[in-house]
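Here is the structure we will look at, set down as structure tokens.
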Amino acid sequence: MSKLSKEELANIATLARLGLSEDELNRLGGQVGSILEFVEQLQKIDASGVKQTSQVTGLVDVWREDEVVRCELSREELLKNAPATEKGYIKVKRVLQ
Amino acid sequence: MTKYTPTIGIEIHVQLNTKTKMFCSCDNDSRTAEPNTNICPVCLAYPGTLPVVNGAAVRSAIKLGLALEAEIARDTKFDRKNYFYPDLPKGYQISQFDQPIVGEGYVEVLVDGEWQRIGVERAHLEEDAAKLIHPAGKDYSLVDYNRGGTPLIEIVSKPDIHSPSAAKRYLQEIYNIAMSLGITNGDMEHGNFKFDLNISVSDTDELGTKVELKNLNSFRNAERALSYEIARQTELLEKGEKIDQETRGWDDAKSKTFSQRGKEMAHDYRYFPEPDLPPLKITDEMIDEVRAVMPALPREVRKRLESIGIVVDDQDLLIDQPQTLQIFDDAADALEQPALIKKAVNWLVGDYQPLLARGPSKLTGAHLAELILLVDSGDISGKIAKDIFAEVVNGASPKSIVADKGLKQMSDTGELEAIVKDVLDKNPQAIADYKAGKAQALGFLVGQVMAATRGQANPGLVNKLLVQYLQA
């Protein structure tokens with residue numbers, strides 16, 4: 001993979017909810033492209049004998065019983081970090097239904 | 001005119017009624033809770049918190065899989081589905097992508113008198129999003145995270161459905177299965193059971209452009225929306241026009257579908273394995289444990305009801321009302337004879353329904369059987385049985401009502417004979433009419449005897465005695 005096109009970069013930025021300026025889009029295409037190129041070296045490793053996994057901890061079947069444990073933090077404490085609240089709700093920029 | 005075949009695929013979201021949420025120990029029942037009172041750092045996605053799978057939700061999924069005759073995955077895992085929306089605090093939903101817990105299965109439904117098999121592609125576990133409220137006239141929305149993290153099972157059908165009525169039957173069957181398994185509260189008005197319908201029409205072997213009808217929660221509206229879409233799409237194609245791939249909604253008031261959004265940028269959810277959750281290994285022991293507590297499934301119930309000659313509409317009603325079905329089963333056990341068992345069905349689908357609609361019922365199968373046997377033995381008339389039925393539904397025993405109120409039919413011939421003679425003595429004109437060939441005179445005399453016994457005489461016996469005397 002070579003340099004990332006501006007469109008590809010813009011799409012990735014949208015998906016990641018990052019607002020990039022025109023200048024950033026021009027500048028970062030090359031940089032992100034070379035990061036991908038660097039990581040791409042992994043493709044050269046022969047992994048044909050290695051079983052695919054998404055986990056390396058070796059853990060399986062970690063679950064809990066279905067018993068309610070009330071959170072010891074109050075609603076006020078839990079919502080403290082929200083930019084805005086109203087009557088116990090978190091207030092956000094209006095989204096269409 | 002060309003014949004267009006509709007093809008329908010359905011995705012159903014069932015909210016599970018586990019005590020706690022999918023990945024944290026918050027109370028999963030927020031029906032009467034104030035907003036944001038069943039939340040914790042895990043379901044609010046505070047940094048550094050870790051999800052832990054709810055074992056009961058896994059067992060619910062296995063139950064459903066067994067009911068769908070599906071393969072239960074021995075190796076299953078969770079994945080992240082990435083997108084941004086305020087109802088999703090983590091910026092991703094924990095779902096299952098390529099290793100769903102439930103594999104291919106099927107249901108069998110009765111469509112217009114024919115059994116049809118409809119395939120299920122898969123079913124997987126995931127978490128619900130929070131509830132958004134959009135106050136009128138305001139420039140903001142409000143978020144209640146109580147629902148965020150509620151366990152969901154998504155059931156994906158195969159595109160095996162070719163009519164709105166089959167789609168409705170499929171939805172009802174899955175609903176009835178989920179209800180009989182007890183894995184959901186099934187409150188459709190409150191979103192416990194929601195579905196998306198994919199519909200296309202085509203006059204060739206290739207599928208047409210599909211339209212998605214999103215977020216329906218009523219069987220009737222599903223059927224109506226599909227009929228509307230089939231007509232709309234067929235008309236467009238016949239005019240030589242193209243169908244837009246789009247999402248449409250159903251406007252109940254106008255009885256039509258409307259465009260919600262066109263084909264935007266293809267969804268790019270960038271699924272990847274959830275690194276915070278170790279995979280699950282489902283063992284034979286776990287499956288056997290679930291199998292041991294499986295209740296009777298709707299199709300088994302249906303086949304049983306069919307085998308004793310109960311018509312489809314009555315089967316539907318009993319399957320839709322698990323408590324009524326239980327009353328029926330208990331009554332049928334006590335009654336044994338097919339003719340009497342059918343009477344139990346008649347009571348339950350008839351007189352019982354308006355009473356049930358009025359309030360909670362205390363009717364038991366034992367009491368219903370008792371009532372039917374009282375009529376069958378001639379102890380009370382059918383009319384008396386109807387008169388006292390409301391009290392029986394309120395929990396009273398038919399035998400004790402009959403005893404307390406002295407409602408037992410007079411079947412003692414000696415006692416009745418005296419009354420019959422008395423009535424005849426007082427009505428010479430009716431006797432003359434009867435002898436002159438006026439059959440209705442007999443009815444009048446029966447009525448007089450019934451009145452004299454305050455309705456307690458056995459009408460059949462009264463009739464017999466009167467005829468005996470009149471023809472003597």
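So you can find residues: chains in the structure tokens are A, B, ... in the order shown, residues in each start at 1, and ligands are numbered from 1 in order.
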
List the neighbours of Lys194 in chain B out to 9 Å using only C-alpha atoms; skip same-chain residues closer than 5 positions along the sequence, and give me the result as a list in words.
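Answer for this query is Glu11, Ile12, His13, Val14, Gln15, Met188, Lys214, Asn215, Leu216, Asn217 and Ser218 of chain B.
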
Please return, as a list in words, all residues of chain B lying within 6 Å of chain A when only C-alpha atoms are considered.
Lys19, Thr20, Ser25, Cys26, Asp27, Pro35, Cys40, Val52, Val53, Asn54, Gly55, Ala56, Asp139, Tyr140, Ser141, Leu142, Val143, Asp144, Pro278, Pro279 and Leu280 of chain B

Could you name the residues that touch Ser400 in chain B at 12 Å or less, counting only C-alpha atoms, but leaving out those on the same chain fewer than 5 positions away, as a ChimeraX atom specification?
/B:367,370-371,374,388,391-392,395,405-408

Quick one: pick out all strand (DSSP E or B) residues within range 60-156 of chain B from a backbone DSSP run and write them as a ChimeraX atom specification.
/B:72,75-76,79-82,92-95,102,105-111,114-127,131-133,140-144,151-156

Residues within 9 Å of Leu152 in chain B, please, as a PDB file with N, CA and C atoms, in the first residue's frame. Count only C-alpha atoms; anything in the same chain fewer than 4 positions from it doesn't count.
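This is the output file result26.pdb:
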ATOM      1  N   HIS B  13     -35.598  -8.407  16.768  1.00  0.00           N
ATOM      2  CA  HIS B  13     -34.848  -8.135  17.992  1.00  0.00           C
ATOM      3  C   HIS B  13     -35.715  -8.463  19.198  1.00  0.00           C
ATOM      4  N   VAL B  14     -35.280  -9.416  19.988  1.00  0.00           N
ATOM      5  CA  VAL B  14     -36.024  -9.799  21.190  1.00  0.00           C
ATOM      6  C   VAL B  14     -35.249  -9.320  22.412  1.00  0.00           C
ATOM      7  N   GLN B  15     -35.891  -8.474  23.236  1.00  0.00           N
ATOM      8  CA  GLN B  15     -35.253  -8.063  24.498  1.00  0.00           C
ATOM      9  C   GLN B  15     -35.440  -9.176  25.508  1.00  0.00           C
ATOM     10  N   LEU B  16     -34.341  -9.599  26.124  1.00  0.00           N
ATOM     11  CA  LEU B  16     -34.430 -10.684  27.099  1.00  0.00           C
ATOM     12  C   LEU B  16     -34.847 -10.136  28.470  1.00  0.00           C
ATOM     13  N   MET B  22     -26.724  -7.258  29.870  1.00  0.00           N
ATOM     14  CA  MET B  22     -25.898  -8.226  29.130  1.00  0.00           C
ATOM     15  C   MET B  22     -24.474  -8.295  29.665  1.00  0.00           C
ATOM     16  N   ALA B  57     -28.246 -14.897  29.984  1.00  0.00           N
ATOM     17  CA  ALA B  57     -28.538 -14.502  28.599  1.00  0.00           C
ATOM     18  C   ALA B  57     -28.030 -15.574  27.635  1.00  0.00           C
ATOM     19  N   HIS B 124     -28.065 -14.203  17.190  1.00  0.00           N
ATOM     20  CA  HIS B 124     -26.909 -13.855  18.010  1.00  0.00           C
ATOM     21  C   HIS B 124     -27.276 -12.938  19.168  1.00  0.00           C
ATOM     22  N   LEU B 125     -26.372 -12.884  20.133  1.00  0.00           N
ATOM     23  CA  LEU B 125     -26.557 -12.047  21.314  1.00  0.00           C
ATOM     24  C   LEU B 125     -25.919 -10.687  21.081  1.00  0.00           C
ATOM     25  N   GLU B 126     -26.555  -9.646  21.612  1.00  0.00           N
ATOM     26  CA  GLU B 126     -25.948  -8.322  21.581  1.00  0.00           C
ATOM     27  C   GLU B 126     -26.570  -7.469  22.679  1.00  0.00           C
ATOM     28  N   GLU B 127     -26.163  -6.207  22.743  1.00  0.00           N
ATOM     29  CA  GLU B 127     -26.708  -5.314  23.772  1.00  0.00           C
ATOM     30  C   GLU B 127     -27.565  -4.244  23.112  1.00  0.00           C
ATOM     31  N   ASP B 128     -28.607  -3.832  23.824  1.00  0.00           N
ATOM     32  CA  ASP B 128     -29.488  -2.788  23.307  1.00  0.00           C
ATOM     33  C   ASP B 128     -28.836  -1.421  23.519  1.00  0.00           C
TER      34      ASP B 128
END

Do you know which residues are at most 12 Å from Glu37 in chain A counting only C-alpha atoms, after dropping those on the same chain fewer than 5 positions away, and could you put them as an NGL selection string?
:A and (1-4 or 30-32 or 42-44)

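CA of Ile319 in chain B to CA of Arg224 in chain B spans 22.7 Å [interatomic distance, one decimal].
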
Which neighbours of Ile230 in chain B fall inside 9 Å, counting only C-alpha atoms, when residues of the same chain fewer than 4 positions from it are skipped, and could you give them as a list in words?
Tyr4, Thr5, Pro6, Pro164, Ile199, Ser200, Val201, Ala225, Leu226, Thr234 and Glu235 of chain B

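Residues of range 110-173 of chain B carrying a DSSP assignment of alpha helix (DSSP H), computed from the backbone, are B:Pro164, B:Ser165, B:Ala166, B:Ala167, B:Lys168, B:Arg169, B:Tyr170, B:Leu171, B:Gln172, B:Glu173.
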
Go ahead and save the picked residues with C-alpha atoms, as a short mmCIF file (atom, residue, chain, number, x, y, z; two decimals), in the first residue's frame.
data_model
loop_
_atom_site.label_atom_id
_atom_site.label_comp_id
_atom_site.auth_asym_id
_atom_site.auth_seq_id
_atom_site.Cartn_x
_atom_site.Cartn_y
_atom_site.Cartn_z
CA PRO B 164 -47.36 -10.97 3.86
CA SER B 165 -49.48 -13.62 5.58
CA ALA B 166 -46.51 -16.00 5.80
CA ALA B 167 -44.41 -13.14 7.22
CA LYS B 168 -47.04 -12.47 9.87
CA ARG B 169 -47.22 -16.16 10.74
CA TYR B 170 -43.44 -16.36 11.03
CA LEU B 171 -43.33 -13.33 13.34
CA GLN B 172 -46.13 -14.74 15.50
CA GLU B 173 -44.45 -18.12 15.68
#
